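**Student:** Have a peek at final_2.pdb (PDB, C-alpha atoms, pLDDT in the B column).
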```
ATOM      1  CA  MET A   1     -24.683  25.299  -5.733  1.00 72.00           C
ATOM      2  CA  GLY A   2     -26.637  24.787  -2.525  1.00 86.00           C
ATOM      3  CA  LYS A   3     -25.516  25.696   0.972  1.00 85.00           C
ATOM      4  CA  VAL A   4     -24.653  22.083   1.859  1.00 84.00           C
ATOM      5  CA  ASP A   5     -22.530  21.650  -1.257  1.00 84.00           C
ATOM      6  CA  GLU A   6     -20.823  24.969  -0.604  1.00 88.00           C
ATOM      7  CA  ASN A   7     -19.979  23.924   2.971  1.00 85.00           C
ATOM      8  CA  LYS A   8     -18.604  20.583   1.749  1.00 83.00           C
ATOM      9  CA  LYS A   9     -16.445  22.398  -0.780  1.00 84.00           C
ATOM     10  CA  LYS A  10     -15.087  24.755   1.895  1.00 87.00           C
ATOM     11  CA  LYS A  11     -14.310  21.855   4.223  1.00 85.00           C
ATOM     12  CA  LYS A  12     -12.541  19.929   1.483  1.00 85.00           C
ATOM     13  CA  GLU A  13     -10.545  23.041   0.604  1.00 87.00           C
ATOM     14  CA  ALA A  14      -9.508  23.325   4.262  1.00 87.00           C
ATOM     15  CA  ARG A  15      -8.348  19.668   4.223  1.00 87.00           C
ATOM     16  CA  PHE A  16      -6.317  20.394   1.078  1.00 88.00           C
ATOM     17  CA  ASN A  17      -4.747  23.544   2.520  1.00 90.00           C
ATOM     18  CA  THR A  18      -3.636  21.853   5.727  1.00 90.00           C
ATOM     19  CA  SER A  19      -2.303  18.812   3.899  1.00 90.00           C
ATOM     20  CA  TYR A  20      -0.527  20.935   1.299  1.00 91.00           C
ATOM     21  CA  GLU A  21       1.193  23.020   3.966  1.00 92.00           C
ATOM     22  CA  LEU A  22       2.499  20.014   5.893  1.00 91.00           C
ATOM     23  CA  LEU A  23       3.424  17.859   2.918  1.00 91.00           C
ATOM     24  CA  THR A  24       5.320  20.650   1.166  1.00 91.00           C
ATOM     25  CA  THR A  25       7.224  21.743   4.266  1.00 93.00           C
ATOM     26  CA  LYS A  26       7.976  18.364   5.845  1.00 92.00           C
ATOM     27  CA  GLY A  27       7.637  15.946   2.935  1.00 91.00           C
ATOM     28  CA  ILE A  28       5.349  12.961   2.601  1.00 89.00           C
ATOM     29  CA  ASN A  29       7.549  10.531   4.556  1.00 91.00           C
ATOM     30  CA  ALA A  30       8.021  12.873   7.507  1.00 92.00           C
ATOM     31  CA  THR A  31       4.345  13.831   7.744  1.00 90.00           C
ATOM     32  CA  ALA A  32       2.188  11.521   9.832  1.00 90.00           C
ATOM     33  CA  MET A  33      -1.562  11.364   9.252  1.00 89.00           C
ATOM     34  CA  SER A  34      -2.000  12.157  12.941  1.00 90.00           C
ATOM     35  CA  LYS A  35      -0.131  15.470  12.442  1.00 90.00           C
ATOM     36  CA  ILE A  36      -2.317  16.413   9.493  1.00 90.00           C
ATOM     37  CA  VAL A  37      -5.472  15.602  11.445  1.00 89.00           C
ATOM     38  CA  GLU A  38      -4.222  17.456  14.518  1.00 91.00           C
ATOM     39  CA  LYS A  39      -3.335  20.600  12.543  1.00 90.00           C
ATOM     40  CA  ASP A  40      -6.603  20.421  10.613  1.00 87.00           C
ATOM     41  CA  GLY A  41      -8.600  20.171  13.839  1.00 89.00           C
ATOM     42  CA  VAL A  42     -10.840  17.302  12.751  1.00 87.00           C
ATOM     43  CA  ALA A  43     -11.330  13.759  13.936  1.00 90.00           C
ATOM     44  CA  LYS A  44      -9.292  11.094  12.169  1.00 90.00           C
ATOM     45  CA  GLY A  45     -12.471   9.392  10.955  1.00 90.00           C
ATOM     46  CA  THR A  46     -13.675  12.635   9.414  1.00 86.00           C
ATOM     47  CA  PHE A  47     -10.391  13.074   7.599  1.00 85.00           C
ATOM     48  CA  TYR A  48     -10.622   9.555   6.212  1.00 87.00           C
ATOM     49  CA  LEU A  49     -13.952  10.481   4.620  1.00 86.00           C
ATOM     50  CA  TYR A  50     -11.912  12.672   2.276  1.00 84.00           C
ATOM     51  CA  PHE A  51      -8.691  10.663   1.836  1.00 88.00           C
ATOM     52  CA  LYS A  52      -7.629   7.003   2.131  1.00 91.00           C
ATOM     53  CA  ASP A  53      -4.025   7.690   3.173  1.00 89.00           C
ATOM     54  CA  LYS A  54      -1.119  10.108   2.658  1.00 87.00           C
ATOM     55  CA  HIS A  55      -0.538   8.934  -0.881  1.00 90.00           C
ATOM     56  CA  ASP A  56      -4.195   9.529  -1.735  1.00 93.00           C
ATOM     57  CA  ILE A  57      -3.841  13.048  -0.323  1.00 91.00           C
ATOM     58  CA  LYS A  58      -0.731  13.625  -2.433  1.00 91.00           C
ATOM     59  CA  ASN A  59      -2.425  12.413  -5.606  1.00 94.00           C
ATOM     60  CA  LYS A  60      -5.555  14.478  -5.001  1.00 93.00           C
ATOM     61  CA  LEU A  61      -3.449  17.527  -4.137  1.00 92.00           C
ATOM     62  CA  VAL A  62      -1.564  17.241  -7.422  1.00 93.00           C
ATOM     63  CA  ALA A  63      -4.861  17.069  -9.308  1.00 95.00           C
ATOM     64  CA  HIS A  64      -6.346  19.921  -7.253  1.00 91.00           C
ATOM     65  CA  LYS A  65      -3.346  22.236  -7.683  1.00 91.00           C
ATOM     66  CA  THR A  66      -3.141  21.406 -11.402  1.00 94.00           C
ATOM     67  CA  HIS A  67      -6.806  22.277 -11.805  1.00 93.00           C
ATOM     68  CA  GLU A  68      -6.244  25.607  -9.991  1.00 91.00           C
ATOM     69  CA  LEU A  69      -3.265  26.362 -12.219  1.00 93.00           C
ATOM     70  CA  PHE A  70      -5.183  25.673 -15.431  1.00 91.00           C
ATOM     71  CA  GLU A  71      -8.144  27.751 -14.230  1.00 91.00           C
ATOM     72  CA  LYS A  72      -5.847  30.702 -13.533  1.00 93.00           C
ATOM     73  CA  ALA A  73      -4.128  30.260 -16.895  1.00 89.00           C
ATOM     74  CA  GLY A  74      -7.496  30.116 -18.659  1.00 87.00           C
ATOM     75  CA  ASP A  75      -8.654  33.262 -16.876  1.00 88.00           C
ATOM     76  CA  ALA A  76      -5.429  35.056 -17.809  1.00 89.00           C
ATOM     77  CA  LEU A  77      -5.834  34.046 -21.463  1.00 86.00           C
ATOM     78  CA  GLU A  78      -9.415  35.247 -21.502  1.00 86.00           C
ATOM     79  CA  LYS A  79      -8.484  38.588 -19.917  1.00 89.00           C
ATOM     80  CA  SER A  80      -5.796  39.098 -22.529  1.00 88.00           C
ATOM     81  CA  GLY A  81      -8.305  38.488 -25.296  1.00 85.00           C
ATOM     82  CA  ILE A  82      -6.948  35.119 -26.374  1.00 80.00           C
ATOM     83  CA  ARG A  83      -9.837  32.710 -26.955  1.00 73.00           C
ATOM     84  CA  GLY A  84      -7.979  29.540 -27.864  1.00 66.00           C
ATOM     85  CA  LEU A  85      -4.587  27.942 -27.620  1.00 64.00           C
ATOM     86  CA  GLU A  86      -4.079  28.353 -31.342  1.00 63.00           C
ATOM     87  CA  GLU A  87      -3.834  32.113 -30.811  1.00 54.00           C
TER      88      GLU A  87
END
```
Turn this file's structure into C-alpha coordinates for me.
**Tutor:**
Amino acid sequence: MGKVDENKKKKKEARFNTSYELLTTKGINATAMSKIVEKDGVAKGTFYLYFKDKHDIKNKLVAHKTHELFEKAGDALEKSGIRGLEE
(Lines of atoms letter the chains of each structure in order from A and count residues from 1; the text may use other names and numbers.)
(Lines give C-alpha, C1' and ligand atoms only; values in the text may rest on other atoms or scores of the structure.)
Protein backbone atom coordinates (compact mmCIF):
# COMPACT_ATOMS: atom_id res chain seq x y z
CA MET A 1 0.00 0.00 0.00
CA GLY A 2 1.41 3.37 -1.03
CA LYS A 3 1.68 6.46 1.14
CA VAL A 4 -1.35 8.12 -0.49
CA ASP A 5 -3.53 5.05 0.04
CA GLU A 6 -2.32 4.77 3.62
CA ASN A 7 -3.22 8.42 4.30
CA LYS A 8 -6.67 7.94 2.76
CA LYS A 9 -7.23 4.90 4.95
CA LYS A 10 -6.21 6.83 8.08
CA LYS A 11 -8.50 9.73 7.19
CA LYS A 12 -11.43 7.41 6.54
CA GLU A 13 -10.76 5.67 9.86
CA ALA A 14 -10.85 9.07 11.58
CA ARG A 15 -14.23 9.83 9.93
CA PHE A 16 -15.53 6.46 11.17
CA ASN A 17 -14.26 7.00 14.71
CA THR A 18 -15.83 10.43 15.06
CA SER A 19 -19.12 9.29 13.55
CA TYR A 20 -19.20 6.14 15.67
CA GLU A 21 -18.63 8.10 18.87
CA LEU A 22 -21.42 10.59 18.19
CA LEU A 23 -23.94 8.16 16.75
CA THR A 24 -23.53 5.66 19.58
CA THR A 25 -23.73 8.27 22.34
CA LYS A 26 -26.43 10.55 20.94
CA GLY A 27 -28.24 8.34 18.44
CA ILE A 28 -28.76 8.89 14.74
CA ASN A 29 -31.77 11.21 15.09
CA ALA A 30 -30.11 13.47 17.64
CA THR A 31 -26.82 13.73 15.74
CA ALA A 32 -26.67 16.46 13.12
CA MET A 33 -24.21 16.20 10.23
CA SER A 34 -22.90 19.62 11.26
CA LYS A 35 -21.95 18.21 14.70
CA ILE A 36 -20.11 15.28 13.15
CA VAL A 37 -18.22 17.59 10.80
CA GLU A 38 -17.43 20.03 13.60
CA LYS A 39 -16.09 17.31 15.91
CA ASP A 40 -14.15 15.71 13.06
CA GLY A 41 -12.53 19.04 12.19
CA VAL A 42 -13.10 18.83 8.44
CA ALA A 43 -15.09 20.86 5.96
CA LYS A 44 -18.60 19.64 5.23
CA GLY A 45 -17.70 19.10 1.57
CA THR A 46 -14.77 16.92 2.56
CA PHE A 47 -17.00 14.82 4.78
CA TYR A 48 -19.47 14.34 1.95
CA LEU A 49 -16.67 12.81 -0.13
CA TYR A 50 -16.85 9.87 2.28
CA PHE A 51 -20.58 9.70 3.11
CA LYS A 52 -23.85 10.78 1.46
CA ASP A 53 -25.78 11.37 4.70
CA LYS A 54 -26.20 10.09 8.26
CA HIS A 55 -27.86 6.90 7.11
CA ASP A 56 -24.97 6.19 4.74
CA ILE A 57 -22.59 6.69 7.67
CA LYS A 58 -24.63 4.29 9.79
CA ASN A 59 -24.67 1.63 7.09
CA LYS A 60 -20.95 1.94 6.40
CA LEU A 61 -20.19 1.90 10.13
CA VAL A 62 -22.12 -1.35 10.55
CA ALA A 63 -20.14 -2.90 7.69
CA HIS A 64 -16.85 -1.49 9.01
CA LYS A 65 -17.40 -2.67 12.59
CA THR A 66 -18.57 -6.09 11.37
CA HIS A 67 -15.43 -6.43 9.28
CA GLU A 68 -13.28 -5.51 12.31
CA LEU A 69 -15.12 -8.06 14.44
CA PHE A 70 -14.64 -10.87 11.92
CA GLU A 71 -10.96 -9.99 11.49
CA LYS A 72 -10.42 -10.18 15.25
CA ALA A 73 -12.35 -13.46 15.43
CA GLY A 74 -10.29 -14.89 12.57
CA ASP A 75 -7.06 -13.83 14.26
CA ALA A 76 -8.19 -15.40 17.54
CA LEU A 77 -9.05 -18.66 15.78
CA GLU A 78 -5.70 -18.74 14.05
CA LYS A 79 -3.82 -18.07 17.30
CA SER A 80 -5.67 -20.91 18.97
CA GLY A 81 -4.67 -23.26 16.18
CA ILE A 82 -8.11 -23.60 14.64
CA ARG A 83 -7.84 -23.38 10.85
CA GLY A 84 -11.47 -23.63 9.83
CA LEU A 85 -14.95 -23.25 11.21
CA GLU A 86 -15.47 -26.99 11.03
CA GLU A 87 -12.95 -27.40 13.85
**Student:** Check which residues satisfy the PyMOL selection byres ((chain A and resi 49-57) around 10) in the file shown, then give them as a VMD selection string.
**Tutor:** chain A and resid 11 to 12 15 to 16 19 to 20 23 28 to 29 31 to 33 36 44 to 48 58 to 63
**Student:** Please define a box with edges along x, y and z of the file around all atoms of range 16-32 of chain A given in the file, extend it by 8 Å on each side, and return its centre and edge lengths in Å to one decimal, as lines of an AutoDock Vina configuration file.
**Tutor:**
```
center_x = 0.9
center_y = 17.0
center_z = 5.5
size_x = 30.3
size_y = 29.0
size_z = 24.8
```
**Student:** Which is closest to Val42 in chain A among A:Thr66, A:Asp5, A:Ile82, A:Thr18, if we use all atoms listed in the file?
**Tutor:**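 Closest to Val42 in chain A, using all atoms listed in the file: A:Thr18.
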**Student:** State, in Å with one decimal place, the distance from CA of Asn17 in chain A to CA of Glu78 in chain A.
**Tutor:**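 Atom-to-atom, CA of Asn17 in chain A and CA of Glu78 in chain A are spaced 27.1 Å apart.
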**Student:** Would you mind telling me which residue in A:Lys72, A:Gly27, A:Glu13, A:Gly81 lies nearest to Asp40 in chain A when using all atoms listed in the file?
**Tutor:**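 The shortest atom-to-atom distance to Asp40 in chain A comes from A:Glu13.
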**Student:** To one decimal in Å, tell me the separation between CA of Lys3 in chain A and CA of Glu71 in chain A.
**Tutor:**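 Atom-to-atom, CA of Lys3 in chain A to CA of Glu71 in chain A, that is 23.2 Å.
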**Student:** One decimal, Å: what's the distance from CA of Ala43 in chain A over to CA of Asn7 in chain A, could you say?
**Tutor:**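 Straight-line distance from CA of Ala43 in chain A to CA of Asn7 in chain A works out to 17.3 Å.
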**Student:** Pop range 62-77 of chain A out of the structure in the block and write all heavy atoms as a CSV table (one decimal), in the first residue's frame.
**Tutor:**
```
chain,number,residue,atom,x,y,z
A,62,VAL,N,-21.7,0.0,10.2
A,62,VAL,CA,-22.1,-1.3,10.6
A,62,VAL,C,-21.2,-2.3,9.8
A,62,VAL,O,-20.7,-3.3,10.4
A,62,VAL,CB,-23.6,-1.6,10.2
A,62,VAL,CG1,-23.9,-3.1,10.2
A,62,VAL,CG2,-24.5,-0.8,11.2
A,63,ALA,N,-21.0,-2.0,8.5
A,63,ALA,CA,-20.1,-2.9,7.7
A,63,ALA,C,-18.7,-2.9,8.2
A,63,ALA,O,-18.0,-3.9,8.3
A,63,ALA,CB,-20.2,-2.5,6.2
A,64,HIS,N,-18.2,-1.7,8.5
A,64,HIS,CA,-16.9,-1.5,9.0
A,64,HIS,C,-16.6,-2.2,10.3
A,64,HIS,O,-15.6,-2.9,10.5
A,64,HIS,CB,-16.6,0.0,9.2
A,64,HIS,CG,-15.2,0.3,9.6
A,64,HIS,ND1,-14.1,0.2,8.9
A,64,HIS,CD2,-14.8,0.8,10.8
A,64,HIS,CE1,-13.0,0.5,9.6
A,64,HIS,NE2,-13.4,0.9,10.8
A,65,LYS,N,-17.5,-2.0,11.3
A,65,LYS,CA,-17.4,-2.7,12.6
A,65,LYS,C,-17.5,-4.2,12.5
A,65,LYS,O,-16.9,-4.9,13.2
A,65,LYS,CB,-18.4,-2.1,13.6
A,65,LYS,CG,-18.1,-0.7,14.0
A,65,LYS,CD,-16.8,-0.5,14.7
A,65,LYS,CE,-16.5,0.9,15.2
A,65,LYS,NZ,-15.2,1.0,15.9
A,66,THR,N,-18.4,-4.7,11.6
A,66,THR,CA,-18.6,-6.1,11.4
A,66,THR,C,-17.3,-6.7,10.8
A,66,THR,O,-16.8,-7.7,11.2
A,66,THR,CB,-19.8,-6.4,10.4
A,66,THR,OG1,-20.9,-5.8,11.0
A,66,THR,CG2,-19.9,-7.8,10.2
A,67,HIS,N,-16.7,-6.0,9.9
A,67,HIS,CA,-15.4,-6.4,9.3
A,67,HIS,C,-14.4,-6.5,10.4
A,67,HIS,O,-13.6,-7.5,10.4
A,67,HIS,CB,-15.0,-5.5,8.2
A,67,HIS,CG,-13.7,-5.8,7.6
A,67,HIS,ND1,-13.5,-6.8,6.7
A,67,HIS,CD2,-12.5,-5.2,7.7
A,67,HIS,CE1,-12.3,-6.9,6.3
A,67,HIS,NE2,-11.6,-5.9,6.9
A,68,GLU,N,-14.3,-5.5,11.2
A,68,GLU,CA,-13.3,-5.5,12.3
A,68,GLU,C,-13.5,-6.7,13.2
A,68,GLU,O,-12.6,-7.4,13.6
A,68,GLU,CB,-13.4,-4.2,13.1
A,68,GLU,CG,-12.8,-3.0,12.5
A,68,GLU,CD,-12.8,-1.8,13.4
A,68,GLU,OE1,-13.6,-1.8,14.4
A,68,GLU,OE2,-12.1,-0.8,13.1
A,69,LEU,N,-14.8,-7.0,13.6
A,69,LEU,CA,-15.1,-8.1,14.4
A,69,LEU,C,-14.7,-9.4,13.8
A,69,LEU,O,-14.1,-10.2,14.5
A,69,LEU,CB,-16.6,-8.0,14.7
A,69,LEU,CG,-17.2,-9.2,15.6
A,69,LEU,CD1,-16.6,-9.0,17.0
A,69,LEU,CD2,-18.7,-9.1,15.6
A,70,PHE,N,-15.0,-9.6,12.6
A,70,PHE,CA,-14.6,-10.9,11.9
A,70,PHE,C,-13.1,-11.0,11.8
A,70,PHE,O,-12.6,-12.1,11.9
A,70,PHE,CB,-15.3,-11.0,10.6
A,70,PHE,CG,-16.7,-11.5,10.7
A,70,PHE,CD1,-17.8,-10.7,10.6
A,70,PHE,CD2,-16.9,-12.9,10.9
A,70,PHE,CE1,-19.1,-11.2,10.7
A,70,PHE,CE2,-18.2,-13.4,11.0
A,70,PHE,CZ,-19.3,-12.5,10.9
A,71,GLU,N,-12.4,-9.9,11.5
A,71,GLU,CA,-11.0,-10.0,11.5
A,71,GLU,C,-10.4,-10.4,12.8
A,71,GLU,O,-9.5,-11.3,12.9
A,71,GLU,CB,-10.4,-8.6,11.1
A,71,GLU,CG,-10.2,-8.4,9.6
A,71,GLU,CD,-9.4,-7.2,9.3
A,71,GLU,OE1,-9.1,-6.3,10.2
A,71,GLU,OE2,-9.0,-7.0,8.1
A,72,LYS,N,-10.9,-9.8,13.9
A,72,LYS,CA,-10.4,-10.2,15.2
A,72,LYS,C,-10.8,-11.6,15.6
A,72,LYS,O,-9.9,-12.4,16.2
A,72,LYS,CB,-11.0,-9.2,16.3
A,72,LYS,CG,-10.4,-7.9,16.3
A,72,LYS,CD,-11.1,-7.0,17.3
A,72,LYS,CE,-10.6,-5.5,17.2
A,72,LYS,NZ,-11.2,-4.6,18.1
A,73,ALA,N,-11.9,-12.1,15.2
A,73,ALA,CA,-12.3,-13.5,15.4
A,73,ALA,C,-11.5,-14.4,14.6
A,73,ALA,O,-11.0,-15.4,15.2
A,73,ALA,CB,-13.8,-13.7,15.1
A,74,GLY,N,-11.2,-14.1,13.4
A,74,GLY,CA,-10.3,-14.9,12.6
A,74,GLY,C,-8.9,-15.0,13.1
A,74,GLY,O,-8.3,-16.1,13.2
A,75,ASP,N,-8.4,-13.8,13.6
A,75,ASP,CA,-7.1,-13.8,14.3
A,75,ASP,C,-7.0,-14.7,15.5
A,75,ASP,O,-6.1,-15.4,15.7
A,75,ASP,CB,-6.6,-12.4,14.6
A,75,ASP,CG,-6.3,-11.6,13.4
A,75,ASP,OD1,-6.2,-12.1,12.3
A,75,ASP,OD2,-6.3,-10.3,13.5
A,76,ALA,N,-8.1,-14.6,16.3
A,76,ALA,CA,-8.2,-15.4,17.5
A,76,ALA,C,-8.2,-16.9,17.2
A,76,ALA,O,-7.6,-17.7,17.9
A,76,ALA,CB,-9.4,-15.0,18.4
A,77,LEU,N,-9.0,-17.3,16.2
A,77,LEU,CA,-9.1,-18.7,15.8
A,77,LEU,C,-7.7,-19.2,15.3
A,77,LEU,O,-7.3,-20.3,15.7
A,77,LEU,CB,-10.1,-18.8,14.6
A,77,LEU,CG,-11.5,-18.8,15.0
A,77,LEU,CD1,-12.4,-18.8,13.7
A,77,LEU,CD2,-11.9,-20.0,15.9
```
